[in-house]
Number of protein chains: 2
Amino acid sequence: MKIYTISILLIFSFLLSFKAYSFQNSGEFFKIYPIGKVKKKGDSTCIKILDRYSNALKGMNEFSHVIVVYWFNKNDTPEKRSILQVHPRGNKENPMTGVFACRAPVRPNLIALTVCKIISVKRNIIYIDKIDAFDESTVIDLKPYIPRLDSARKDIRLPQWLDFPLING
Amino acid sequence: MKIYTISILLIFSFLLSFKAYSFQNSGEFFKIYPIGKVKKKGDSTCIKILDRYSNALKGMNEFSHVIVVYWFNKNDTPEKRSILQVHPRGNKENPMTGVFACRAPVRPNLIALTVCKIISVKRNIIYIDKIDAFDESTVIDLKPYIPRLDSARKDIRLPQWLDFPLING
């Protein structure tokens, strides 16, 4: 009798894992290649670009800020990629919110965005003042911060749960 | 006896599927799945999210702006993904610049970012005022625009070739 129960549980877990797997793998997808890593060591924070991409940094030193696009590596599981709503910042007092309407680190595509202040650029390394990312996070793109394109100032509206000051510094 | 064989086979196939899954997600590349499309029709511009992700929009209506993350579909070739420097905006008078230091639509990962003003949100559609993307571009993520996180105002520095006014509106 026991062995039947185990078998049924196994079949069930297999089907579940297969379903999660095939959901993620059905249809079209694009490939994202790592271009570098976040490195944190003591007071120093930097983005270290893979050697083969270092030429793509030419001119970065002329910008004050960079938009770092990275990957929430730790959450790259079919389960976490299928979460569609959360309480923002894990706070149950915040209303259930769609992952596209907050910055949750669980989402269908585990893309993270953050604007960082550049301290200096040396060969394949961009030293930045700080970043809200784990050490060794995989960086997937970098874009120069251009206020005309990347900032909005008129008619800003935010939900109540985001009761921050509007502008940082 | 039979039931043991079945159990062992099931455990084995479960482990195999797990291995296949973790292989896909470790090392070489990450998978990006389409979440919707840019739709332009006459004066109307919108982001149409796939039905299965519509719950992830809950709360988007409380924001004034959305960061649309999309894919430069047309340039998804190994050749275009290996270009590391360009003359920004195709203008030879602009100095050769690394693709990470400009917004060129050719880059190792064809990620595009743009901040859009939300007009309204209806079920799985976000109507926006405009977007600098082709009709039918594949959308891969959406993030609410939060000035505290997404804008910088102090000590902005830009290269000479970007002789735009600093702020749009």
# chains A, B, ... in the order shown; residues from 1 in each chain; ligands from 1
call {"tool": "select_by_dssp", "arguments": {"residues": "stretch 34-163 of chain B", "states": "alpha helix (DSSP H)", "output": "JSON, numbers by chain"}}
result
{"B": [78, 79, 80, 81, 147, 148, 149, 150]}
call {"tool": "calpha_fit_rmsd", "arguments": {"fixed": "chain A", "moving": "chain B"}}
result
11.1 Å
call {"tool": "residues_around", "arguments": {"residues": "stretch 115-132 of chain A", "least_positions_apart": "6", "cutoff": "9 Å", "atoms": "only C-alpha atoms", "output": "PyMOL selection string"}}
result
(chain A and resi 38+40+43-51+53-55+57-58+60-61+63-69+145) or (chain B and resi 149-152)
call {"tool": "write_last_selection", "arguments": {"atoms": "N, CA and C atoms", "output": "mmCIF file, in the first residue's frame"}}
result
data_model
loop_
_atom_site.group_PDB
_atom_site.id
_atom_site.type_symbol
_atom_site.label_atom_id
_atom_site.label_comp_id
_atom_site.auth_asym_id
_atom_site.auth_seq_id
_atom_site.Cartn_x
_atom_site.Cartn_y
_atom_site.Cartn_z
ATOM 1 N N VAL A 38 28.482 42.279 -10.970
ATOM 2 C CA VAL A 38 28.590 43.260 -9.892
ATOM 3 C C VAL A 38 29.641 42.737 -8.925
ATOM 4 N N LYS A 40 31.390 43.597 -5.199
ATOM 5 C CA LYS A 40 31.404 44.420 -3.985
ATOM 6 C C LYS A 40 32.505 43.907 -3.078
ATOM 7 N N ASP A 43 34.554 48.867 0.767
ATOM 8 C CA ASP A 43 33.863 50.092 0.365
ATOM 9 C C ASP A 43 33.753 50.228 -1.147
ATOM 10 N N SER A 44 34.392 49.325 -1.876
ATOM 11 C CA SER A 44 34.432 49.474 -3.326
ATOM 12 C C SER A 44 33.317 48.671 -4.003
ATOM 13 N N THR A 45 32.609 49.334 -4.906
ATOM 14 C CA THR A 45 31.563 48.665 -5.685
ATOM 15 C C THR A 45 31.849 48.927 -7.153
ATOM 16 N N CYS A 46 31.843 47.891 -7.936
ATOM 17 C CA CYS A 46 32.092 48.120 -9.360
ATOM 18 C C CYS A 46 31.345 47.122 -10.219
ATOM 19 N N ILE A 47 31.291 47.465 -11.496
ATOM 20 C CA ILE A 47 30.752 46.572 -12.518
ATOM 21 C C ILE A 47 31.962 46.117 -13.323
ATOM 22 N N LYS A 48 32.218 44.826 -13.307
ATOM 23 C CA LYS A 48 33.363 44.302 -14.055
ATOM 24 C C LYS A 48 32.832 43.640 -15.329
ATOM 25 N N ILE A 49 33.190 44.231 -16.449
ATOM 26 C CA ILE A 49 32.707 43.736 -17.748
ATOM 27 C C ILE A 49 33.659 42.648 -18.245
ATOM 28 N N LEU A 50 33.107 41.623 -18.874
ATOM 29 C CA LEU A 50 33.953 40.567 -19.440
ATOM 30 C C LEU A 50 34.922 41.180 -20.452
ATOM 31 N N ASP A 51 36.146 40.663 -20.466
ATOM 32 C CA ASP A 51 37.182 41.215 -21.343
ATOM 33 C C ASP A 51 36.698 41.392 -22.786
ATOM 34 N N TYR A 53 34.034 42.182 -23.972
ATOM 35 C CA TYR A 53 33.117 43.298 -24.203
ATOM 36 C C TYR A 53 33.713 44.650 -23.813
ATOM 37 N N SER A 54 34.988 44.678 -23.406
ATOM 38 C CA SER A 54 35.507 45.929 -22.841
ATOM 39 C C SER A 54 35.478 47.085 -23.849
ATOM 40 N N ASN A 55 35.593 46.793 -25.154
ATOM 41 C CA ASN A 55 35.522 47.877 -26.149
ATOM 42 C C ASN A 55 34.161 48.563 -26.175
ATOM 43 N N LEU A 57 32.677 49.759 -23.802
ATOM 44 C CA LEU A 57 32.616 50.800 -22.756
ATOM 45 C C LEU A 57 33.161 52.147 -23.229
ATOM 46 N N LYS A 58 33.768 52.167 -24.393
ATOM 47 C CA LYS A 58 34.395 53.413 -24.886
ATOM 48 C C LYS A 58 33.418 54.592 -24.816
ATOM 49 N N MET A 60 32.083 55.731 -21.961
ATOM 50 C CA MET A 60 31.283 55.693 -20.723
ATOM 51 C C MET A 60 31.793 56.714 -19.699
ATOM 52 N N ASN A 61 33.108 56.979 -19.725
ATOM 53 C CA ASN A 61 33.703 57.925 -18.769
ATOM 54 C C ASN A 61 33.166 59.348 -18.913
ATOM 55 N N PHE A 63 30.017 60.085 -19.031
ATOM 56 C CA PHE A 63 28.697 60.167 -18.379
ATOM 57 C C PHE A 63 28.850 60.174 -16.859
ATOM 58 N N SER A 64 27.896 60.816 -16.199
ATOM 59 C CA SER A 64 27.911 60.843 -14.729
ATOM 60 C C SER A 64 27.201 59.621 -14.142
ATOM 61 N N HIS A 65 26.232 59.064 -14.875
ATOM 62 C CA HIS A 65 25.428 57.961 -14.340
ATOM 63 C C HIS A 65 25.232 56.874 -15.390
ATOM 64 N N VAL A 66 25.084 55.660 -14.913
ATOM 65 C CA VAL A 66 24.844 54.526 -15.805
ATOM 66 C C VAL A 66 23.622 53.739 -15.313
ATOM 67 N N ILE A 67 22.817 53.268 -16.260
ATOM 68 C CA ILE A 67 21.711 52.376 -15.902
ATOM 69 C C ILE A 67 22.248 50.953 -15.987
ATOM 70 N N VAL A 68 22.298 50.285 -14.843
ATOM 71 C CA VAL A 68 22.797 48.912 -14.816
ATOM 72 C C VAL A 68 21.588 47.970 -14.953
ATOM 73 N N VAL A 69 21.638 47.114 -15.955
ATOM 74 C CA VAL A 69 20.584 46.119 -16.160
ATOM 75 C C VAL A 69 21.171 44.776 -15.739
ATOM 76 N N TYR A 145 22.931 57.022 -18.635
ATOM 77 C CA TYR A 145 21.737 57.722 -18.144
ATOM 78 C C TYR A 145 21.619 59.073 -18.848
ATOM 79 N N LEU B 149 14.081 56.122 -7.473
ATOM 80 C CA LEU B 149 14.979 55.063 -7.948
ATOM 81 C C LEU B 149 15.517 55.328 -9.346
ATOM 82 N N ASP B 150 14.678 55.951 -10.186
ATOM 83 C CA ASP B 150 14.980 55.960 -11.612
ATOM 84 C C ASP B 150 15.506 57.274 -12.160
ATOM 85 N N SER B 151 15.536 58.317 -11.323
ATOM 86 C CA SER B 151 16.042 59.559 -11.879
ATOM 87 C C SER B 151 17.197 60.066 -11.040
ATOM 88 N N ALA B 152 18.097 60.749 -11.703
ATOM 89 C CA ALA B 152 19.226 61.398 -11.029
ATOM 90 C C ALA B 152 19.182 62.850 -11.474
#
call {"tool": "interface_residues", "arguments": {"of": "chain A", "to": "chain B", "cutoff": "7 Å", "atoms": "only C-alpha atoms", "output": "PDB file with C-alpha atoms, in the first residue's frame"}}
result
ATOM      1  CA  SER A   7       4.349   6.055  -6.684  1.00  0.00           C
ATOM      2  CA  LEU A  10       6.155  10.637  -7.549  1.00  0.00           C
ATOM      3  CA  ILE A  11       3.936  10.685 -10.634  1.00  0.00           C
ATOM      4  CA  PHE A  14       6.911  14.573 -11.978  1.00  0.00           C
ATOM      5  CA  GLU A  28       9.478  31.729 -28.467  1.00  0.00           C
ATOM      6  CA  PHE A  29      12.298  32.964 -26.279  1.00  0.00           C
ATOM      7  CA  PHE A  30      15.299  35.256 -26.591  1.00  0.00           C
ATOM      8  CA  LYS A  31      18.763  34.527 -25.297  1.00  0.00           C
ATOM      9  CA  ILE A  32      20.474  36.789 -22.797  1.00  0.00           C
ATOM     10  CA  TYR A  33      24.219  36.440 -22.375  1.00  0.00           C
ATOM     11  CA  PRO A  34      26.081  37.647 -19.294  1.00  0.00           C
ATOM     12  CA  ASN A  55      35.522  47.877 -26.149  1.00  0.00           C
ATOM     13  CA  ALA A  56      31.794  48.461 -25.677  1.00  0.00           C
ATOM     14  CA  LEU A  57      32.616  50.800 -22.756  1.00  0.00           C
ATOM     15  CA  LYS A  58      34.395  53.413 -24.886  1.00  0.00           C
ATOM     16  CA  GLY A  59      32.952  56.795 -23.962  1.00  0.00           C
ATOM     17  CA  MET A  60      31.283  55.693 -20.723  1.00  0.00           C
ATOM     18  CA  GLU A  62      31.935  61.001 -20.214  1.00  0.00           C
ATOM     19  CA  PHE A  63      28.697  60.167 -18.379  1.00  0.00           C
ATOM     20  CA  SER A  64      27.911  60.843 -14.729  1.00  0.00           C
ATOM     21  CA  LEU A  84       2.293  37.428 -10.869  1.00  0.00           C
ATOM     22  CA  GLN A  85       1.321  39.321  -7.714  1.00  0.00           C
ATOM     23  CA  THR A  97       0.225  44.302  -6.535  1.00  0.00           C
ATOM     24  CA  GLY A  98       1.103  42.955  -9.957  1.00  0.00           C
ATOM     25  CA  VAL A  99       4.810  42.301 -10.448  1.00  0.00           C
ATOM     26  CA  PHE A 100       4.770  44.679 -13.454  1.00  0.00           C
ATOM     27  CA  ALA A 101       3.461  47.430 -11.132  1.00  0.00           C
ATOM     28  CA  CYS A 102       6.270  47.085  -8.588  1.00  0.00           C
ATOM     29  CA  ARG A 103       9.969  46.248  -8.526  1.00  0.00           C
ATOM     30  CA  ASN A 109      11.728  37.822 -16.875  1.00  0.00           C
ATOM     31  CA  THR A 114      19.062  50.603 -11.355  1.00  0.00           C
ATOM     32  CA  VAL A 115      20.619  54.012 -11.940  1.00  0.00           C
ATOM     33  CA  ILE A 140      23.247  41.853 -18.835  1.00  0.00           C
ATOM     34  CA  ASP A 141      23.347  45.394 -20.248  1.00  0.00           C
ATOM     35  CA  LEU A 142      24.536  48.906 -19.509  1.00  0.00           C
ATOM     36  CA  LYS A 143      23.050  52.150 -20.771  1.00  0.00           C
ATOM     37  CA  PRO A 144      24.203  55.698 -20.203  1.00  0.00           C
ATOM     38  CA  PRO A 147      17.800  62.643 -18.383  1.00  0.00           C
ATOM     39  CA  ARG A 148      15.883  63.651 -21.523  1.00  0.00           C
ATOM     40  CA  LEU A 149      15.076  59.981 -22.168  1.00  0.00           C
ATOM     41  CA  ASP A 150      15.149  58.426 -18.726  1.00  0.00           C
ATOM     42  CA  SER A 151      13.494  60.877 -16.382  1.00  0.00           C
ATOM     43  CA  LYS A 154       5.719  66.419 -14.834  1.00  0.00           C
ATOM     44  CA  ASP A 155       2.502  64.935 -13.497  1.00  0.00           C
ATOM     45  CA  ILE A 156       4.201  62.199 -11.467  1.00  0.00           C
ATOM     46  CA  ARG A 157       1.704  59.922  -9.751  1.00  0.00           C
ATOM     47  CA  LEU A 158       2.514  57.071  -7.344  1.00  0.00           C
ATOM     48  CA  PRO A 159       0.383  54.724  -5.235  1.00  0.00           C
ATOM     49  CA  PRO A 165      10.120  61.537  -1.332  1.00  0.00           C
ATOM     50  CA  LEU A 166       9.802  61.934  -5.097  1.00  0.00           C
ATOM     51  CA  ILE A 167      13.381  62.702  -5.921  1.00  0.00           C
ATOM     52  CA  ASN A 168      16.572  61.296  -4.528  1.00  0.00           C
ATOM     53  CA  GLY A 169      18.973  64.165  -3.873  1.00  0.00           C
TER      54      GLY A 169
END
call {"tool": "closest_residue", "arguments": {"among": "B:Val106, B:Lys37, B:Asp163, B:Lys2", "to": "B:Tyr70", "atoms": "only C-alpha atoms"}}
result
B:Lys37
call {"tool": "select_by_dssp", "arguments": {"residues": "stretch 8-141 of chain B", "states": "strand (DSSP E)", "output": "number ranges by chain"}}
result
B: 30-32, 36-41, 44-49, 65-71, 85-86, 97-98, 111-122, 125-128, 138-141
call {"tool": "write_last_selection", "arguments": {"atoms": "N, CA and C atoms", "output": "compact mmCIF listing (two decimals), in the first residue's frame"}}
result
# COMPACT_ATOMS: atom_id res chain seq x y z
N PHE B 30 20.48 33.13 -20.27
CA PHE B 30 19.19 33.17 -19.61
C PHE B 30 18.11 33.26 -20.68
N LYS B 31 16.93 32.79 -20.34
CA LYS B 31 15.83 32.85 -21.30
C LYS B 31 14.91 34.01 -20.99
N ILE B 32 14.57 34.73 -22.03
CA ILE B 32 13.62 35.84 -21.94
C ILE B 32 12.37 35.45 -22.73
N GLY B 36 4.38 40.63 -24.02
CA GLY B 36 3.38 41.41 -24.73
C GLY B 36 3.98 42.07 -25.95
N LYS B 37 3.22 43.00 -26.50
CA LYS B 37 3.68 43.68 -27.72
C LYS B 37 3.33 45.17 -27.68
N VAL B 38 4.14 45.95 -28.39
CA VAL B 38 3.80 47.35 -28.65
C VAL B 38 2.81 47.36 -29.81
N LYS B 39 1.72 48.13 -29.65
CA LYS B 39 0.73 48.23 -30.73
C LYS B 39 0.52 49.70 -31.07
N LYS B 40 0.71 50.02 -32.33
CA LYS B 40 0.50 51.40 -32.79
C LYS B 40 -0.55 51.37 -33.89
N LYS B 41 -1.57 52.20 -33.74
CA LYS B 41 -2.64 52.20 -34.73
C LYS B 41 -3.21 53.60 -34.75
N SER B 44 -3.37 55.97 -31.64
CA SER B 44 -3.36 55.20 -30.41
C SER B 44 -2.09 54.35 -30.28
N THR B 45 -1.47 54.43 -29.13
CA THR B 45 -0.28 53.62 -28.86
C THR B 45 -0.52 52.87 -27.56
N CYS B 46 -0.28 51.58 -27.57
CA CYS B 46 -0.48 50.85 -26.33
C CYS B 46 0.47 49.68 -26.20
N ILE B 47 0.54 49.16 -24.98
CA ILE B 47 1.28 47.94 -24.69
C ILE B 47 0.20 46.89 -24.40
N LYS B 48 0.17 45.85 -25.23
CA LYS B 48 -0.82 44.80 -25.02
C LYS B 48 -0.11 43.60 -24.39
N ILE B 49 -0.52 43.29 -23.16
CA ILE B 49 0.11 42.21 -22.41
C ILE B 49 -0.61 40.90 -22.73
N HIS B 65 3.75 56.92 -14.92
CA HIS B 65 4.69 56.53 -15.96
C HIS B 65 5.13 55.08 -15.79
N VAL B 66 5.46 54.47 -16.92
CA VAL B 66 5.93 53.08 -16.89
C VAL B 66 7.25 52.99 -17.68
N ILE B 67 8.16 52.18 -17.17
CA ILE B 67 9.39 51.90 -17.93
C ILE B 67 9.10 50.66 -18.77
N VAL B 68 9.11 50.83 -20.08
CA VAL B 68 8.85 49.70 -20.97
C VAL B 68 10.20 49.10 -21.38
N VAL B 69 10.35 47.82 -21.11
CA VAL B 69 11.57 47.10 -21.48
C VAL B 69 11.19 46.22 -22.67
N TYR B 70 11.80 46.47 -23.81
CA TYR B 70 11.43 45.68 -24.99
C TYR B 70 12.69 45.16 -25.69
N TRP B 71 12.47 44.45 -26.77
CA TRP B 71 13.56 43.75 -27.45
C TRP B 71 13.70 44.32 -28.85
N GLN B 85 31.05 48.87 -31.11
CA GLN B 85 31.15 50.33 -31.18
C GLN B 85 30.40 50.84 -32.41
N VAL B 86 29.83 52.02 -32.27
CA VAL B 86 29.09 52.65 -33.38
C VAL B 86 29.29 54.17 -33.33
N THR B 97 31.71 55.20 -30.42
CA THR B 97 31.33 55.07 -29.01
C THR B 97 30.94 53.62 -28.73
N GLY B 98 31.28 53.15 -27.55
CA GLY B 98 30.89 51.79 -27.17
C GLY B 98 29.37 51.66 -27.08
N ILE B 111 18.35 44.65 -25.46
CA ILE B 111 17.39 45.23 -24.52
C ILE B 111 17.22 46.72 -24.79
N ALA B 112 15.96 47.16 -24.88
CA ALA B 112 15.64 48.57 -25.05
C ALA B 112 14.82 49.04 -23.85
N LEU B 113 15.05 50.28 -23.46
CA LEU B 113 14.38 50.87 -22.29
C LEU B 113 13.77 52.19 -22.67
N THR B 114 12.57 52.43 -22.23
CA THR B 114 12.03 53.76 -22.45
C THR B 114 10.94 54.08 -21.42
N VAL B 115 10.94 55.33 -20.97
CA VAL B 115 9.94 55.77 -19.99
C VAL B 115 8.74 56.34 -20.76
N CYS B 116 7.55 55.83 -20.48
CA CYS B 116 6.34 56.27 -21.19
C CYS B 116 5.30 56.79 -20.21
N LYS B 117 4.56 57.78 -20.68
CA LYS B 117 3.47 58.33 -19.87
C LYS B 117 2.23 57.46 -20.06
N ILE B 118 1.65 57.04 -18.94
CA ILE B 118 0.45 56.19 -19.00
C ILE B 118 -0.79 57.06 -19.19
N ILE B 119 -1.62 56.71 -20.14
CA ILE B 119 -2.90 57.41 -20.31
C ILE B 119 -3.99 56.67 -19.54
N SER B 120 -4.06 55.37 -19.74
CA SER B 120 -5.02 54.56 -18.97
C SER B 120 -4.63 53.09 -19.03
N VAL B 121 -5.18 52.32 -18.10
CA VAL B 121 -4.92 50.88 -18.08
C VAL B 121 -6.27 50.18 -18.11
N LYS B 122 -6.47 49.32 -19.11
CA LYS B 122 -7.74 48.59 -19.21
C LYS B 122 -7.45 47.11 -19.38
N ILE B 125 -4.30 45.95 -21.24
CA ILE B 125 -3.75 46.95 -22.16
C ILE B 125 -3.38 48.23 -21.41
N ILE B 126 -2.16 48.72 -21.65
CA ILE B 126 -1.76 50.02 -21.11
C ILE B 126 -1.70 50.99 -22.28
N TYR B 127 -2.56 52.00 -22.27
CA TYR B 127 -2.49 53.04 -23.29
C TYR B 127 -1.44 54.06 -22.85
N ILE B 128 -0.52 54.38 -23.76
CA ILE B 128 0.56 55.33 -23.44
C ILE B 128 0.53 56.46 -24.47
N THR B 138 8.46 43.36 -29.38
CA THR B 138 8.17 42.44 -28.27
C THR B 138 8.54 43.10 -26.94
N VAL B 139 7.57 43.16 -26.05
CA VAL B 139 7.81 43.70 -24.71
C VAL B 139 8.26 42.56 -23.81
N ILE B 140 9.29 42.79 -22.98
CA ILE B 140 9.82 41.71 -22.14
C ILE B 140 9.70 42.00 -20.64
N ASP B 141 9.46 43.24 -20.28
CA ASP B 141 9.21 43.55 -18.86
C ASP B 141 8.60 44.94 -18.77
